Each structure stands twice: as C-alpha cells, then as structure tokens.
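Printed here is target_31.cif (mmCIF, C-alpha atoms):
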```cif
data_run
loop_
_atom_site.group_PDB
_atom_site.id
_atom_site.type_symbol
_atom_site.label_atom_id
_atom_site.label_comp_id
_atom_site.auth_asym_id
_atom_site.auth_seq_id
_atom_site.Cartn_x
_atom_site.Cartn_y
_atom_site.Cartn_z
ATOM 1 C CA MET R 4 60.023 79.692 109.480
ATOM 2 C CA GLY R 5 63.661 78.691 109.473
ATOM 3 C CA CYS R 6 65.150 75.414 108.317
ATOM 4 C CA PHE R 7 68.564 73.988 107.599
ATOM 5 C CA GLU R 8 70.345 75.947 104.902
ATOM 6 C CA GLU R 9 70.014 74.493 101.429
ATOM 7 C CA TRP R 10 71.956 75.546 98.375
ATOM 8 C CA GLU R 11 70.307 75.760 94.972
ATOM 9 C CA GLU R 12 72.352 76.869 91.952
ATOM 10 C CA GLY R 13 74.696 78.922 94.167
ATOM 11 C CA MET R 14 71.929 80.510 96.270
ATOM 12 C CA CYS R 15 71.530 79.960 99.995
ATOM 13 C CA LEU R 16 67.955 79.102 100.957
ATOM 14 C CA GLN R 17 67.647 79.394 104.719
ATOM 15 C CA ASP R 18 63.897 79.256 105.322
ATOM 16 C CA ARG R 19 60.878 77.326 104.094
ATOM 17 C CA LEU R 20 59.494 80.248 102.069
ATOM 18 C CA ARG R 21 62.645 80.614 99.971
ATOM 19 C CA VAL R 22 62.936 76.842 99.541
ATOM 20 C CA ALA R 23 59.294 76.738 98.351
ATOM 21 C CA LEU R 24 59.931 79.598 95.928
ATOM 22 C CA ALA R 25 63.141 78.170 94.458
ATOM 23 C CA LYS R 26 62.918 74.365 94.486
ATOM 24 C CA PRO R 27 60.195 72.570 92.500
ATOM 25 C CA ASP R 28 60.808 69.364 94.453
ATOM 26 C CA ALA R 29 60.362 71.068 97.844
ATOM 27 C CA GLU R 30 57.666 69.910 100.241
ATOM 28 C CA ASP R 31 56.094 73.402 100.354
ATOM 29 C CA TYR R 32 56.360 74.137 96.612
ATOM 30 C CA SER R 33 52.613 73.590 96.169
ATOM 31 C CA VAL R 34 51.823 76.575 98.433
ATOM 32 C CA PHE R 35 51.714 78.524 95.156
ATOM 33 C CA THR R 36 49.837 76.960 92.238
ATOM 34 C CA GLU R 37 51.454 76.979 88.801
ATOM 35 C CA GLN R 38 48.890 79.578 87.709
ATOM 36 C CA GLN R 39 49.809 81.819 90.664
ATOM 37 C CA ARG R 40 53.524 81.412 89.877
ATOM 38 C CA GLN R 41 52.821 82.889 86.419
ATOM 39 C CA GLU R 42 51.353 86.074 87.900
ATOM 40 C CA LEU R 43 53.542 89.174 87.731
ATOM 41 C CA ILE R 44 53.115 89.988 91.421
ATOM 42 C CA VAL R 45 54.274 86.494 92.460
ATOM 43 C CA GLU R 46 57.284 86.736 90.114
ATOM 44 C CA ILE R 47 58.285 90.038 91.742
ATOM 45 C CA PHE R 48 57.742 88.642 95.245
ATOM 46 C CA ARG R 49 59.778 85.519 94.454
ATOM 47 C CA HIS R 50 62.603 87.562 92.992
ATOM 48 C CA LEU R 51 62.757 89.918 95.964
ATOM 49 C CA CYS R 52 62.593 87.097 98.524
ATOM 50 C CA LEU R 53 65.358 85.105 96.858
ATOM 51 C CA GLY R 54 67.572 88.187 96.599
ATOM 52 C CA GLY R 55 71.006 88.449 95.083
ATOM 53 C CA GLY R 56 74.563 87.558 96.037
ATOM 54 C CA MET R 57 74.879 90.388 98.568
ATOM 55 C CA ASN R 58 71.339 90.077 99.909
ATOM 56 C CA GLN R 59 70.731 90.409 103.632
ATOM 57 C CA TRP R 60 67.494 88.551 104.307
ATOM 58 C CA ASP R 61 64.826 89.726 106.690
ATOM 59 C CA ASP R 62 62.953 87.230 108.866
ATOM 60 C CA ASN R 63 59.841 89.428 108.765
ATOM 61 C CA ILE R 64 57.744 89.090 105.591
ATOM 62 C CA ASP R 65 56.185 92.574 105.799
ATOM 63 C CA PRO R 66 59.057 94.452 104.066
ATOM 64 C CA TYR R 67 58.887 91.978 101.168
ATOM 65 C CA LEU R 68 55.131 92.387 100.833
ATOM 66 C CA ASP R 69 55.376 96.190 101.003
ATOM 67 C CA ILE R 70 58.097 96.530 98.365
ATOM 68 C CA THR R 71 56.457 93.894 96.139
ATOM 69 C CA LYS R 72 53.243 95.911 96.176
ATOM 70 C CA ALA R 73 55.104 99.173 95.468
ATOM 71 C CA ILE R 74 57.093 97.733 92.544
ATOM 72 C CA TYR R 75 53.995 96.028 91.120
ATOM 73 C CA LYS R 76 52.015 99.285 91.205
ATOM 74 C CA ASP R 77 54.956 101.147 89.654
ATOM 75 C CA MET R 78 55.309 98.644 86.800
ATOM 76 C CA LEU R 79 51.669 98.651 85.726
ATOM 77 C CA SER R 80 49.513 101.317 84.146
ATOM 78 C CA VAL R 81 45.757 101.441 84.364
ATOM 79 C CA ARG R 82 43.270 103.197 82.131
ATOM 80 C CA LYS R 83 39.534 103.655 82.121
ATOM 81 C CA ASN R 84 37.885 101.632 79.378
ATOM 82 C CA SER R 85 35.750 104.072 77.367
ATOM 83 C CA ASP R 86 33.250 101.337 76.444
ATOM 84 C CA THR R 87 32.662 99.831 79.880
ATOM 85 C CA GLY R 88 33.748 102.680 82.156
ATOM 86 C CA LYS R 89 35.799 100.196 84.185
ATOM 87 C CA VAL R 90 39.431 100.662 85.158
ATOM 88 C CA GLU R 91 41.655 98.064 83.444
ATOM 89 C CA VAL R 92 45.350 97.235 83.441
ATOM 90 C CA SER R 93 46.779 98.326 80.089
ATOM 91 C CA THR R 94 50.342 97.085 80.566
ATOM 92 C CA LEU R 95 51.365 93.929 78.741
ATOM 93 C CA ALA R 96 53.866 91.826 80.724
ATOM 94 C CA TYR R 97 56.194 89.288 79.112
ATOM 95 C CA LYS R 98 58.708 87.018 80.794
ATOM 96 C CA VAL R 99 61.789 86.459 78.615
ATOM 97 C CA THR R 100 63.577 83.185 79.295
ATOM 98 C CA ASP R 101 66.030 82.930 76.387
ATOM 99 C CA LEU R 102 67.365 84.705 73.315
ATOM 100 C CA GLU R 103 68.700 83.618 69.981
ATOM 101 C CA ALA R 104 72.120 85.217 70.327
ATOM 102 C CA THR R 105 75.807 84.413 70.569
ATOM 103 C CA ARG R 106 75.609 84.696 74.387
ATOM 104 C CA SER R 107 73.097 83.372 76.844
ATOM 105 C CA LEU R 108 70.649 85.813 78.388
ATOM 106 C CA PHE R 109 71.656 84.546 81.833
ATOM 107 C CA GLY R 110 75.196 83.866 83.042
ATOM 108 C CA HIS R 111 74.034 80.932 85.174
ATOM 109 C CA PRO R 112 71.084 79.639 83.110
ATOM 110 C CA TYR R 113 69.468 77.364 85.721
ATOM 111 C CA SER R 114 69.438 79.777 88.653
ATOM 112 C CA PRO R 115 65.926 80.225 90.080
ATOM 113 C CA ASN R 116 66.738 83.894 90.574
ATOM 114 C CA ASN R 117 67.215 84.766 86.890
ATOM 115 C CA LEU R 118 64.508 87.107 85.738
ATOM 116 C CA CYS R 119 63.898 89.172 82.635
ATOM 117 C CA MET R 120 60.537 90.859 82.147
ATOM 118 C CA LEU R 121 59.402 93.294 79.500
ATOM 119 C CA LEU R 122 56.454 95.468 80.474
ATOM 120 C CA ILE R 123 54.883 97.325 77.581
ATOM 121 C CA ASP R 124 52.527 100.237 78.054
ATOM 122 C CA PRO R 125 51.020 100.616 74.565
ATOM 123 C CA VAL R 126 49.370 104.030 74.927
ATOM 124 C CA PRO R 127 52.463 106.162 75.585
ATOM 125 C CA ARG R 128 54.584 103.447 73.898
ATOM 126 C CA HIS R 129 56.845 102.845 76.891
ATOM 127 C CA VAL R 130 58.807 99.678 77.552
ATOM 128 C CA LEU R 131 60.226 98.781 80.943
ATOM 129 C CA CYS R 132 62.869 96.065 81.095
ATOM 130 C CA TYR R 133 63.377 94.404 84.479
ATOM 131 C CA TYR R 134 66.481 92.216 84.279
ATOM 132 C CA PHE R 135 68.599 90.276 86.750
ATOM 133 C CA SER R 136 71.054 87.519 85.920
ATOM 134 C CA TRP R 137 72.665 85.452 88.645
ATOM 135 C CA HIS R 138 76.421 85.555 87.876
ATOM 136 C CA ASN R 139 75.979 87.876 84.916
ATOM 137 C CA ASP R 140 78.693 87.700 82.281
ATOM 138 C CA LEU R 141 76.947 89.949 79.739
ATOM 139 C CA ALA R 142 78.763 93.013 81.082
ATOM 140 C CA ILE R 143 82.180 91.547 80.294
#
```

Will you turn the file into structure tokens for me?
Amino acid sequence: MGCFEEWEEGMCLQDRLRVALAKPDAEDYSVFTEQQRQELIVEIFRHLCLGGGMNQWDDNIDPYLDITKAIYKDMLSVRKNSDTGKVEVSTLAYKVTDLEATRSLFGHPYSPNNLCMLLIDPVPRHVLCYYFSWHNDLAI
C-alpha cells in the first residue's frame, strides 16, 4: 500500500512495507518481530525490497517473494543427518556488521540497506559472501 515518500539515509521509501522494513520507529515496524528480522530469509526479503540506488520498485509483492525464495534456496545446503535420517540445513549463516580495519565495511554506515552475510557450508568447505554497501567507497 502506498504512502507519502519518506527518505531514510538516502533511500526513498514509497510504501508502507518498505517503511516498516527500514525504519524502527515506523508504525508498521512490529509486523516483523525482532526474532523474525534475524532470520536469513527475512534479511534477504528486506534487502531485495529496499533495493539499491537504481532500483525500480514493483507494486506487486509476488516478484519479491519469488526471488527471495530462489536466493534463499540457492544460499543454503541441506544434508541428511545419518543419526536421525532427517534432512537438516548444514549452512552456517553470519551477518557481518563491522570490521576492525582502516576503512569502514560500509560507505554509509547507518543505511538500512547495508548487508554483509557470510554463508559457510562446512562439508565441501565453501564460503559465500553476500555484500552490498549503500554508497560504497571500498572500490576507490
């Protein structure tokens, strides 16, 4: 549902969903609990909905749900537990918010769209790094 445009850390938020995803003081922020906001699938959904500087938003939520599901399934690995016989997620997911370095991890540190995740699949020893920095200056 649309609303008046709001700007948060250089990002245009033009509907209630994006406002709820980006602004902790928003009326609809509580639609997602803090526990849900920590889930990998919600992080991906939030990141895709908020978009980047050249994003062209869609008013229909279905494309966001479809691509969120596809990315989520692509990021995770599952294996059958030999003890229980049940299928379990084997990927370890970590959200990185800061580094001890001479430069900041994110060019605009307070942007709600900054995201760095490390996904570790221990069996084949693969690491996937998913990184986006709003106004990135690391490439300079």

Can you list, as a PyMOL selection string, every protein, DNA or RNA residue that comes within 10 Å of segment 76-83 of chain R when you count all atoms listed in the file, leaving out same-chain residues fewer than 2 positions away? chain R and resi 43-44+70-74+85-96+121-126+130-133

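Minimum atom-to-atom distance to Ala25 of chain R, evaluated using all atoms listed in the file, belongs to R:Ser114 out of R:Phe7, R:Asn63, R:Ser114, R:Pro127.
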
In Å to one decimal, how far is atom CA of Leu24 of chain R from atom CA of Cys52 of chain R? 8.4 Å

Among R:Arg21, R:His111, R:Arg128, R:Glu11, Arg49 of chain R is approached most closely, using all atoms listed in the file, by R:Arg21

Give me, as a VMD selection string, all polymer residues having an atom no more than 10 Å from Val34 of chain R, counting all atoms listed in the file and skipping those fewer than 3 positions away in the same chain. chain R and resid 20 23 to 24 30 to 31 37 39 to 40

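In this model, the gap between atom CA of Leu16 of chain R and atom CA of Phe109 of chain R comes to 20.2 Å.
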
Take atom CA of Met14 of chain R and atom CA of Asp69 of chain R and report the distance between them in Å, one decimal.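 Interatomic distance, atom CA of Met14 of chain R to atom CA of Asp69 of chain R: 23.3 Å.
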
Expand the PyMOL selection byres ((chain R and resi 112) around 10) into the individual residues it matches in the shown file, reporting them as number ranges by chain. R: 12, 100-101, 107-111, 113-117, 136-139

Centre and size of axis-aligned box enclosing segment 65-84 of chain R plus 4 Å each side, as AutoDock Vina command-line options:
```
--center_x 48.5 --center_y 97.8 --center_z 92.6 --size_x 29.2 --size_y 19.7 --size_z 34.4
```

Taking all atoms listed in the file into account, which of R:Asp28, R:Glu103, R:Glu42, R:Asp18 comes nearest Asp61 of chain R? R:Asp18
